[in-house]
file model.cif (mmCIF, C-alpha atoms and all ligand atoms)
data_start
#
loop_
_atom_site.label_atom_id
_atom_site.label_comp_id
_atom_site.auth_asym_id
_atom_site.auth_seq_id
_atom_site.Cartn_x
_atom_site.Cartn_y
_atom_site.Cartn_z
CA MET A 1 10.03 24.21 2.98
CA ALA A 2 10.89 22.41 -0.27
CA ILE A 3 10.67 18.65 0.13
CA PRO A 4 12.62 16.68 -2.49
CA ARG A 5 10.13 14.93 -4.75
CA LEU A 6 9.98 13.66 -8.30
CA HIS A 7 6.68 13.95 -10.14
CA PHE A 8 5.74 10.86 -12.08
CA ALA A 9 2.49 9.65 -10.50
CA HIS A 10 -0.71 10.17 -12.47
CA LEU A 11 -2.47 12.55 -10.12
CA PRO A 12 -5.04 13.32 -8.95
CA THR A 13 -6.47 9.81 -9.01
CA PRO A 14 -10.21 9.75 -9.68
CA VAL A 15 -12.94 9.12 -7.12
CA GLU A 16 -15.83 6.99 -8.41
CA GLU A 17 -19.23 5.98 -7.03
CA LEU A 18 -19.78 2.27 -6.26
CA GLU A 19 -23.54 2.42 -6.73
CA ARG A 20 -23.99 -1.13 -7.98
CA LEU A 21 -21.87 -2.57 -5.18
CA ARG A 22 -24.09 -0.71 -2.73
CA GLU A 23 -27.18 -2.24 -4.33
CA ALA A 24 -25.58 -5.69 -4.21
CA LEU A 25 -25.06 -5.20 -0.49
CA SER A 26 -28.75 -4.22 -0.13
CA GLY A 27 -28.07 -0.65 0.89
CA GLY A 28 -25.95 0.75 3.68
CA PRO A 29 -23.72 3.81 3.41
CA ARG A 30 -22.75 5.49 0.15
CA VAL A 31 -19.52 3.87 -1.04
CA VAL A 32 -16.95 5.51 -3.29
CA VAL A 33 -13.51 4.39 -4.39
CA LYS A 34 -10.35 6.43 -4.84
CA ARG A 35 -8.42 4.85 -7.66
CA ASP A 36 -4.86 4.70 -6.38
CA ASP A 37 -4.56 1.55 -8.44
CA GLN A 38 -4.30 4.09 -11.29
CA THR A 39 -1.28 6.05 -10.07
CA GLY A 40 0.83 4.93 -13.04
CA LEU A 41 4.27 3.26 -12.92
CA ALA A 42 3.99 -0.40 -13.87
CA PHE A 43 0.26 -0.90 -13.24
CA GLY A 44 0.12 1.66 -10.42
CA GLY A 45 -0.66 1.20 -6.75
CA ASN A 46 0.13 2.93 -3.48
CA LYS A 47 3.93 2.66 -3.87
CA THR A 48 4.00 5.21 -6.70
CA ARG A 49 3.22 8.08 -4.31
CA LYS A 50 5.82 6.88 -1.81
CA LEU A 51 8.45 6.38 -4.50
CA GLU A 52 8.15 10.00 -5.66
CA PHE A 53 9.79 10.96 -2.36
CA LEU A 54 12.02 7.89 -1.93
CA ILE A 55 13.59 8.12 -5.38
CA ALA A 56 14.26 11.83 -4.84
CA GLU A 57 16.01 10.97 -1.56
CA ALA A 58 18.06 8.22 -3.26
CA ARG A 59 19.05 10.59 -6.05
CA ASP A 60 20.02 13.34 -3.58
CA GLN A 61 22.21 10.88 -1.66
CA GLY A 62 24.05 10.02 -4.88
CA ALA A 63 22.76 6.43 -4.92
CA LYS A 64 23.21 4.23 -7.98
CA THR A 65 21.41 1.08 -6.82
CA LEU A 66 18.02 0.60 -5.17
CA ILE A 67 17.81 -2.37 -2.82
CA SER A 68 14.58 -3.58 -1.28
CA GLY A 69 12.89 -6.69 0.00
CA GLY A 70 9.51 -8.32 0.31
CA ALA A 71 7.46 -11.38 -0.54
CA LEU A 72 7.89 -13.09 -3.90
CA GLN A 73 4.73 -11.36 -5.16
CA SER A 74 5.53 -8.00 -3.58
CA ASN A 75 3.83 -5.08 -5.32
CA HIS A 76 6.25 -2.75 -3.61
CA CYS A 77 9.23 -4.55 -5.14
CA ARG A 78 7.64 -4.56 -8.60
CA GLN A 79 7.10 -0.82 -8.47
CA THR A 80 10.57 -0.20 -7.01
CA ALA A 81 12.11 -2.20 -9.87
CA ALA A 82 10.07 -0.15 -12.36
CA ALA A 83 11.17 3.13 -10.76
CA ALA A 84 14.80 1.97 -10.87
CA ALA A 85 14.46 1.23 -14.58
CA ARG A 86 12.75 4.57 -15.22
CA PHE A 87 15.29 6.68 -13.35
CA GLY A 88 18.47 4.78 -14.23
CA PHE A 89 19.28 2.91 -11.01
CA GLU A 90 20.32 -0.70 -10.72
CA CYS A 91 17.91 -2.72 -8.60
CA ILE A 92 18.43 -5.68 -6.29
CA LEU A 93 15.40 -7.33 -4.65
CA VAL A 94 15.61 -9.73 -1.72
CA LEU A 95 12.48 -11.86 -2.00
CA THR A 96 11.09 -14.51 0.33
CA GLY A 97 9.54 -17.64 -1.09
CA ASP A 98 10.42 -20.73 -3.10
CA ILE A 99 11.86 -20.08 -6.54
CA PRO A 100 9.15 -20.96 -9.05
CA GLU A 101 9.99 -22.87 -12.23
CA GLN A 102 8.41 -20.08 -14.25
CA PRO A 103 8.13 -16.58 -12.73
CA SER A 104 4.63 -15.16 -12.97
CA ALA A 105 2.87 -11.87 -12.20
CA ASN A 106 4.89 -9.42 -10.07
CA LEU A 107 7.99 -11.63 -10.13
CA LEU A 108 7.85 -11.84 -13.90
CA LEU A 109 7.68 -8.04 -14.04
CA ASP A 110 10.64 -7.70 -11.64
CA HIS A 111 12.71 -9.69 -14.14
CA LEU A 112 11.39 -7.63 -17.03
CA PHE A 113 12.51 -4.41 -15.31
CA GLY A 114 16.00 -5.87 -15.04
CA ALA A 115 16.09 -6.35 -11.27
CA GLN A 116 18.56 -8.80 -9.81
CA ILE A 117 16.72 -11.20 -7.51
CA VAL A 118 18.16 -12.67 -4.31
CA HIS A 119 15.95 -15.49 -3.05
CA VAL A 120 15.47 -16.17 0.66
CA THR A 121 13.76 -19.43 1.50
CA ASP A 122 13.06 -18.72 5.15
CA ARG A 123 11.43 -15.38 5.98
CA LYS A 124 13.27 -15.15 9.28
CA ASP A 125 16.56 -14.78 7.36
CA ARG A 126 15.30 -11.91 5.20
CA ASP A 127 16.51 -8.95 7.31
CA LYS A 128 19.96 -10.48 7.64
CA ILE A 129 20.29 -11.24 3.92
CA LEU A 130 18.94 -7.83 2.99
CA GLN A 131 21.64 -6.24 5.16
CA GLN A 132 24.34 -8.49 3.70
CA THR A 133 23.18 -7.64 0.18
CA PHE A 134 23.30 -3.95 1.03
CA ASP A 135 26.80 -4.21 2.58
CA ARG A 136 28.16 -6.15 -0.40
CA ALA A 137 26.74 -3.61 -2.85
CA ALA A 138 28.33 -0.80 -0.83
CA GLU A 139 31.72 -2.60 -0.85
CA ASP A 140 31.41 -3.09 -4.61
CA GLY A 141 30.95 0.65 -5.09
CA LYS A 142 27.33 0.33 -6.23
CA LYS A 143 26.22 3.17 -3.93
CA PRO A 144 23.11 1.42 -2.63
CA TYR A 145 20.00 3.09 -1.23
CA LEU A 146 17.80 0.89 0.94
CA VAL A 147 14.15 1.31 0.06
CA PRO A 148 12.47 0.11 3.28
CA TYR A 149 9.94 -2.73 3.27
CA GLY A 150 6.75 -1.42 1.69
CA GLY A 151 8.42 1.97 1.16
CA SER A 152 7.32 2.74 4.71
CA SER A 153 9.90 5.16 6.05
CA PRO A 154 9.05 8.70 7.17
CA THR A 155 10.09 9.84 3.67
CA GLY A 156 7.82 7.30 1.95
CA ALA A 157 4.91 8.14 4.22
CA LEU A 158 4.93 11.70 2.87
CA GLY A 159 3.36 10.31 -0.30
CA TYR A 160 0.16 9.67 1.61
CA ALA A 161 0.28 12.88 3.62
CA PHE A 162 0.05 14.67 0.27
CA ALA A 163 -2.53 12.17 -0.99
CA MET A 164 -4.71 13.47 1.83
CA LYS A 165 -4.25 17.01 0.58
CA GLU A 166 -5.27 15.88 -2.90
CA PHE A 167 -8.31 14.16 -1.44
CA VAL A 168 -9.37 17.17 0.66
CA ASP A 169 -9.03 19.32 -2.49
CA GLN A 170 -11.31 16.88 -4.35
CA ASN A 171 -14.02 17.82 -1.85
CA VAL A 172 -15.63 14.37 -1.71
CA GLN A 173 -17.03 14.71 1.82
CA ALA A 174 -16.31 11.14 2.91
CA ASP A 175 -16.89 10.26 6.57
CA TRP A 176 -14.49 7.32 6.45
CA ILE A 177 -11.41 6.36 4.49
CA VAL A 178 -10.96 2.58 4.55
CA PHE A 179 -7.89 0.84 3.13
CA ALA A 180 -5.41 -2.03 3.47
CA THR A 181 -2.63 -1.45 5.99
CA SER A 182 0.46 -3.58 6.46
CA SER A 183 3.87 -1.92 6.77
CA GLY A 184 2.04 1.24 7.88
CA GLY A 185 3.39 3.90 5.51
CA THR A 186 0.08 4.56 3.79
CA HIS A 187 -1.68 4.66 7.13
CA ALA A 188 0.88 6.98 8.73
CA GLY A 189 0.84 9.36 5.78
CA LEU A 190 -2.95 9.57 5.85
CA VAL A 191 -3.01 10.17 9.61
CA LEU A 192 -0.43 12.93 9.23
CA GLY A 193 -2.23 14.43 6.23
CA GLN A 194 -5.52 14.29 8.11
CA ARG A 195 -4.08 16.56 10.80
CA VAL A 196 -2.11 18.87 8.53
CA PHE A 197 -4.74 19.33 5.81
CA GLY A 198 -7.81 19.23 8.02
CA TYR A 199 -9.69 16.10 6.94
CA LYS A 200 -12.69 15.82 9.26
CA GLY A 201 -13.56 12.14 8.70
CA LYS A 202 -11.98 8.97 10.11
CA VAL A 203 -9.04 7.01 8.72
CA LEU A 204 -9.51 3.27 9.26
CA GLY A 205 -6.84 0.78 8.25
CA ILE A 206 -7.85 -2.85 7.78
CA SER A 207 -4.88 -4.93 8.79
CA ILE A 208 -3.47 -7.41 6.31
CA ASP A 209 -1.09 -9.14 8.68
CA GLU A 210 -0.30 -7.12 11.79
CA SER A 211 -1.95 -6.79 15.20
CA GLU A 212 -3.88 -3.65 16.13
CA ASP A 213 -1.40 -2.88 18.88
CA TRP A 214 1.57 -3.12 16.54
CA LEU A 215 -0.15 -0.97 13.92
CA ARG A 216 -1.21 1.73 16.39
CA ALA A 217 2.29 1.99 17.86
CA HIS A 218 4.11 1.80 14.53
CA VAL A 219 1.79 4.11 12.58
CA SER A 220 1.81 6.80 15.29
CA GLU A 221 5.61 6.65 15.47
CA LEU A 222 5.96 6.83 11.69
CA ALA A 223 3.47 9.71 11.41
CA THR A 224 5.36 11.61 14.11
CA ALA A 225 8.70 11.08 12.33
CA ALA A 226 7.17 12.04 8.97
CA SER A 227 5.76 15.26 10.47
CA GLU A 228 9.34 16.41 11.12
CA LYS A 229 10.03 16.19 7.41
CA LEU A 230 7.23 18.71 6.93
CA GLY A 231 9.10 21.01 9.29
CA ASN A 232 6.81 20.84 12.31
CA ARG A 233 6.91 17.87 14.70
CA ILE A 234 3.48 16.60 15.70
CA GLU A 235 3.25 13.94 18.43
CA PHE A 236 0.80 11.22 17.40
CA THR A 237 -0.31 8.68 19.97
CA PRO A 238 -1.27 5.03 19.40
CA ALA A 239 -4.76 5.77 20.76
CA GLU A 240 -5.61 8.10 17.87
CA VAL A 241 -4.76 5.54 15.16
CA LEU A 242 -7.76 3.50 13.99
CA ALA A 243 -6.95 -0.06 12.95
CA ASN A 244 -9.00 -3.23 12.63
CA ALA A 245 -7.22 -6.60 12.69
CA ASP A 246 -10.35 -8.78 12.59
CA TYR A 247 -9.83 -9.88 9.01
CA CYS A 248 -6.24 -11.14 8.90
CA LYS A 249 -6.44 -14.23 11.06
CA ALA A 250 -5.79 -16.58 8.11
CA GLY A 251 -2.30 -15.06 7.73
CA TYR A 252 -0.51 -13.03 5.07
CA GLY A 253 -1.46 -13.88 1.51
CA VAL A 254 -3.85 -16.68 2.44
CA LEU A 255 -6.93 -16.36 0.27
CA THR A 256 -10.15 -17.28 2.09
CA ASP A 257 -13.87 -16.99 1.28
CA PRO A 258 -14.31 -13.33 2.37
CA GLU A 259 -11.48 -12.10 0.10
CA ARG A 260 -12.82 -14.26 -2.73
CA GLU A 261 -16.32 -12.86 -2.25
CA ALA A 262 -15.04 -9.26 -2.22
CA ILE A 263 -13.03 -9.83 -5.41
CA HIS A 264 -16.08 -11.30 -7.15
CA LEU A 265 -18.47 -8.58 -5.91
CA PHE A 266 -16.24 -5.75 -7.11
CA ALA A 267 -15.59 -7.49 -10.43
CA LYS A 268 -19.19 -8.50 -11.20
CA HIS A 269 -20.92 -5.33 -9.99
CA GLU A 270 -18.38 -2.63 -10.79
CA GLY A 271 -15.97 -4.08 -13.37
CA LEU A 272 -13.26 -3.29 -10.84
CA LEU A 273 -10.34 -5.52 -9.98
CA LEU A 274 -9.10 -6.07 -6.44
CA ASP A 275 -5.99 -8.04 -5.56
CA PRO A 276 -5.87 -11.28 -3.58
CA VAL A 277 -3.56 -10.13 -0.77
CA TYR A 278 -4.31 -6.51 0.15
CA THR A 279 -7.34 -4.84 -1.41
CA GLY A 280 -9.33 -8.10 -1.49
CA ARG A 281 -8.88 -8.44 2.26
CA ALA A 282 -9.49 -4.75 3.01
CA ALA A 283 -12.65 -4.75 0.88
CA ALA A 284 -13.82 -7.95 2.60
CA GLY A 285 -13.41 -6.15 5.92
CA MET A 286 -15.29 -3.09 4.68
CA ILE A 287 -18.12 -5.27 3.34
CA ASP A 288 -18.40 -7.08 6.65
CA LEU A 289 -18.50 -3.77 8.52
CA ILE A 290 -21.25 -2.54 6.17
CA ARG A 291 -23.26 -5.70 6.83
CA GLN A 292 -22.77 -5.28 10.57
CA LYS A 293 -24.09 -1.70 10.23
CA PHE A 294 -20.85 -0.31 11.65
CA PHE A 295 -21.27 2.69 9.31
CA LYS A 296 -24.39 4.86 9.40
CA GLU A 297 -26.77 4.80 6.40
CA ASN A 298 -26.24 8.51 5.78
CA GLU A 299 -22.44 8.26 5.84
CA THR A 300 -20.03 8.06 2.91
CA VAL A 301 -17.28 5.46 3.01
CA LEU A 302 -14.32 5.93 0.70
CA PHE A 303 -12.43 2.77 -0.17
CA LEU A 304 -8.85 3.69 -1.01
CA HIS A 305 -7.84 1.21 -3.73
CA THR A 306 -4.12 0.69 -3.20
CA GLY A 307 -3.52 -1.48 -6.29
CA GLY A 308 -1.85 -4.89 -6.36
CA GLN A 309 -3.82 -6.41 -9.24
CA PRO A 310 -0.85 -8.07 -10.97
CA ALA A 311 -0.92 -10.66 -8.17
CA LEU A 312 -4.25 -11.89 -9.58
CA PHE A 313 -2.17 -13.54 -12.29
CA ALA A 314 0.30 -15.22 -9.95
CA ASP A 315 0.15 -19.00 -10.29
CA LYS A 316 -0.25 -19.10 -6.51
CA TYR A 317 -3.57 -17.21 -6.62
CA ALA A 318 -5.01 -17.51 -10.13
CA ASN A 319 -6.37 -21.01 -9.60
CA GLN A 320 -7.96 -20.10 -6.24
CA ILE A 321 -9.92 -17.06 -7.31
C1 LIG A 401 -1.69 -3.36 -2.99
C2 LIG A 401 -1.23 -2.96 -1.65
N1 LIG A 401 -2.10 -2.37 -0.81
C3 LIG A 401 -1.76 -2.00 0.43
C4 LIG A 401 -0.48 -2.22 0.90
C5 LIG A 401 -0.16 -1.80 2.31
O1 LIG A 401 0.44 -0.56 2.33
P1 LIG A 401 1.45 -0.20 3.49
O2 LIG A 401 2.61 -1.14 3.35
O3 LIG A 401 1.79 1.21 3.25
O4 LIG A 401 0.78 -0.43 4.79
C6 LIG A 401 0.48 -2.83 0.08
C7 LIG A 401 1.83 -3.07 0.58
O5 LIG A 401 2.67 -3.66 -0.02
C8 LIG A 401 0.10 -3.20 -1.24
O6 LIG A 401 0.96 -3.79 -2.08
#
call {"tool": "encode", "arguments": {"input": "model.cif", "output": "structure tokens"}}
result
Amino acid sequence: MAIPRLHFAHLPTPVEELERLREALSGGPRVVVKRDDQTGLAFGGNKTRKLEFLIAEARDQGAKTLISGGALQSNHCRQTAAAAARFGFECILVLTGDIPEQPSANLLLDHLFGAQIVHVTDRKDRDKILQQTFDRAAEDGKKPYLVPYGGSSPTGALGYAFAMKEFVDQNVQADWIVFATSSGGTHAGLVLGQRVFGYKGKVLGISIDESEDWLRAHVSELATAASEKLGNRIEFTPAEVLANADYCKAGYGVLTDPEREAIHLFAKHEGLLLDPVYTGRAAAGMIDLIRQKFFKENETVLFLHTGGQPALFADKYANQI
């Protein structure tokens, strides 16, 4: 069954050893990283894989405008704006947060890609304003396509189902795949791909901002819906989704010592950049689990680097790192 997809991601992304990080942690499991921060499209990140399917869907529906929403420093919105520029769509982004005097980092890039920004001061109003923005664009004949938050629809999740195929083909033999999970599309795609392409290890999402219960329910639902797009419905249950919400108690985007330590460890021992919101937190969780001996010494843990580094340069984070 042909699934509509554009091909613009730089694939396959490499898998690299993190030998010096392992030494810095005084041993533990073998740790490798899959460089999905190198997927291309405006500094790369996990949204590139999702957007290959989402942009194809938008194009097939005859859309002319991409509309999406997120936080002011949303990586998803930055990559959506870049995809819109690349494939000739208009782009409107509904972003939560106070308007800064001078846009920096992801927000600066959104402007550079020509996106129109709608600011929402209070996050609770975001869904409503996103809908209003969509309705107005439709009335104005702009033929809008709503790219869901984080690109996490069943269509977007397919990006990570196929990432799992790519990974299985790379034959890395990892016992665990550990990564940042938030809107659940990456997680759902990996869980689906695990089943379809026969990955034998475990898929563990470190929550950035959601509870384990919410993630299990949402990811299993999304994986089930995405399986239909592959032509064969598979029922996933919340119980088979692995999620850990021990590391997000400070709240979304709040940089604390564990994230800071993870960012410094990766930078100083591997020359590798993590981001303050997602990969910094997921790596902090992985490091804590290594220290707690959650993984066995003879296991291999693959850290899926989902990108996000432009946020390092956001005024909000730069002076805290
Ligand atoms: C860098 C980065 N990593 C991970 C995630 C989480 O991915 P998902 O929304 O698919 O759960 C995001 C989401 O925006 C992200 O920007």
call {"tool": "residues_near_point", "arguments": {"input": "model.cif", "point": "(-6.6, 15.9, 7.6)", "cutoff": "10 Å", "atoms": "only C-alpha atoms", "output": "list in words"}}
result
Ala161, Phe162, Met164, Lys165, Phe167, Val168, Leu190, Val191, Leu192, Gly193, Gln194, Arg195, Val196, Phe197, Gly198, Tyr199, Lys200, Gly201, Lys202 and Val203 of chain A
call {"tool": "closest_residue", "arguments": {"input": "model.cif", "among": "A:Glu17, A:His187, A:Ile3, A:Ala56", "to": "Val172 in chain A", "atoms": "only C-alpha atoms"}}
result
A:Glu17
call {"tool": "closest_residue", "arguments": {"input": "model.cif", "among": "A:Gly88, A:Gly69, A:Pro103, A:Gly151", "to": "Val120 in chain A", "atoms": "only C-alpha atoms"}}
result
A:Gly69
call {"tool": "residues_near_ligand", "arguments": {"input": "model.cif", "ligand": "ligand LIG 401 (chain A)", "cutoff": "7 Å", "atoms": "only C-alpha atoms and all ligand atoms", "output": "number ranges by chain"}}
result
A: 45-46, 74-76, 150-152, 180-187, 275, 278-279, 306-308
call {"tool": "closest_residue", "arguments": {"input": "model.cif", "among": "A:Arg126, A:Lys143, A:Arg86, A:Lys296", "to": "Asp175 in chain A", "atoms": "only C-alpha atoms"}}
result
A:Lys296
call {"tool": "atom_distance", "arguments": {"input": "model.cif", "atom1": "CA of Met286 in chain A", "atom2": "CA of Glu299 in chain A"}}
result
13.5 Å
call {"tool": "residues_around", "arguments": {"input": "model.cif", "residues": "Ala82 in chain A", "least_positions_apart": "2", "cutoff": "10 Å", "atoms": "all atoms listed in the file", "output": "compact mmCIF listing (two decimals) with C-alpha atoms, in the frame of the given file"}}
result
# COMPACT_ATOMS: atom_id res chain seq x y z
CA LEU A 41 4.27 3.26 -12.92
CA ALA A 42 3.99 -0.40 -13.87
CA PHE A 43 0.26 -0.90 -13.24
CA THR A 48 4.00 5.21 -6.70
CA HIS A 76 6.25 -2.75 -3.61
CA CYS A 77 9.23 -4.55 -5.14
CA ARG A 78 7.64 -4.56 -8.60
CA GLN A 79 7.10 -0.82 -8.47
CA THR A 80 10.57 -0.20 -7.01
CA ALA A 84 14.80 1.97 -10.87
CA ALA A 85 14.46 1.23 -14.58
CA ARG A 86 12.75 4.57 -15.22
CA PHE A 87 15.29 6.68 -13.35
CA GLY A 88 18.47 4.78 -14.23
CA PHE A 89 19.28 2.91 -11.01
CA CYS A 91 17.91 -2.72 -8.60
CA LEU A 109 7.68 -8.04 -14.04
CA ASP A 110 10.64 -7.70 -11.64
CA LEU A 112 11.39 -7.63 -17.03
CA PHE A 113 12.51 -4.41 -15.31
CA GLY A 114 16.00 -5.87 -15.04
CA ALA A 115 16.09 -6.35 -11.27
call {"tool": "atom_distance", "arguments": {"input": "model.cif", "atom1": "CA of Pro144 in chain A", "atom2": "CA of Leu66 in chain A"}}
result
5.7 Å
call {"tool": "closest_residue", "arguments": {"input": "model.cif", "among": "A:Leu21, A:Ala239, A:Ala225, A:Leu146", "to": "Leu158 in chain A", "atoms": "only C-alpha atoms"}}
result
A:Ala225
call {"tool": "closest_residue", "arguments": {"input": "model.cif", "among": "A:Leu95, A:Leu25, A:Ala163, A:Ile263", "to": "Ala71 in chain A", "atoms": "only C-alpha atoms"}}
result
A:Leu95
call {"tool": "build_atoms", "arguments": {"input": "model.cif", "residues": "range 107-120 of chain A", "atoms": "N, CA and C atoms", "output": "PDB file, in the frame of the given file"}}
result
ATOM      1  N   LEU A 107       6.612 -11.133 -10.002  1.00  0.00           N
ATOM      2  CA  LEU A 107       7.990 -11.630 -10.130  1.00  0.00           C
ATOM      3  C   LEU A 107       8.443 -11.593 -11.592  1.00  0.00           C
ATOM      4  N   LEU A 108       7.543 -11.919 -12.468  1.00  0.00           N
ATOM      5  CA  LEU A 108       7.850 -11.840 -13.900  1.00  0.00           C
ATOM      6  C   LEU A 108       8.205 -10.398 -14.280  1.00  0.00           C
ATOM      7  N   LEU A 109       7.432  -9.462 -13.736  1.00  0.00           N
ATOM      8  CA  LEU A 109       7.680  -8.040 -14.040  1.00  0.00           C
ATOM      9  C   LEU A 109       9.005  -7.573 -13.446  1.00  0.00           C
ATOM     10  N   ASP A 110       9.337  -8.061 -12.234  1.00  0.00           N
ATOM     11  CA  ASP A 110      10.640  -7.700 -11.640  1.00  0.00           C
ATOM     12  C   ASP A 110      11.774  -8.055 -12.606  1.00  0.00           C
ATOM     13  N   HIS A 111      11.679  -9.258 -13.186  1.00  0.00           N
ATOM     14  CA  HIS A 111      12.710  -9.690 -14.140  1.00  0.00           C
ATOM     15  C   HIS A 111      12.720  -8.777 -15.361  1.00  0.00           C
ATOM     16  N   LEU A 112      11.518  -8.460 -15.828  1.00  0.00           N
ATOM     17  CA  LEU A 112      11.390  -7.630 -17.030  1.00  0.00           C
ATOM     18  C   LEU A 112      12.033  -6.245 -16.816  1.00  0.00           C
ATOM     19  N   PHE A 113      11.927  -5.728 -15.598  1.00  0.00           N
ATOM     20  CA  PHE A 113      12.510  -4.410 -15.310  1.00  0.00           C
ATOM     21  C   PHE A 113      14.022  -4.506 -15.065  1.00  0.00           C
ATOM     22  N   GLY A 114      14.539  -5.708 -15.142  1.00  0.00           N
ATOM     23  CA  GLY A 114      16.000  -5.870 -15.040  1.00  0.00           C
ATOM     24  C   GLY A 114      16.514  -5.974 -13.616  1.00  0.00           C
ATOM     25  N   ALA A 115      15.629  -6.240 -12.660  1.00  0.00           N
ATOM     26  CA  ALA A 115      16.090  -6.350 -11.270  1.00  0.00           C
ATOM     27  C   ALA A 115      16.857  -7.654 -11.069  1.00  0.00           C
ATOM     28  N   GLN A 116      17.866  -7.568 -10.220  1.00  0.00           N
ATOM     29  CA  GLN A 116      18.560  -8.800  -9.810  1.00  0.00           C
ATOM     30  C   GLN A 116      17.807  -9.341  -8.603  1.00  0.00           C
ATOM     31  N   ILE A 117      17.512 -10.632  -8.602  1.00  0.00           N
ATOM     32  CA  ILE A 117      16.720 -11.200  -7.510  1.00  0.00           C
ATOM     33  C   ILE A 117      17.605 -12.054  -6.609  1.00  0.00           C
ATOM     34  N   VAL A 118      17.504 -11.808  -5.308  1.00  0.00           N
ATOM     35  CA  VAL A 118      18.160 -12.670  -4.310  1.00  0.00           C
ATOM     36  C   VAL A 118      17.028 -13.405  -3.593  1.00  0.00           C
ATOM     37  N   HIS A 119      17.033 -14.723  -3.675  1.00  0.00           N
ATOM     38  CA  HIS A 119      15.950 -15.490  -3.050  1.00  0.00           C
ATOM     39  C   HIS A 119      16.296 -15.847  -1.600  1.00  0.00           C
ATOM     40  N   VAL A 120      15.298 -15.742  -0.730  1.00  0.00           N
ATOM     41  CA  VAL A 120      15.470 -16.170   0.660  1.00  0.00           C
ATOM     42  C   VAL A 120      14.371 -17.192   0.940  1.00  0.00           C
TER      43      VAL A 120
END
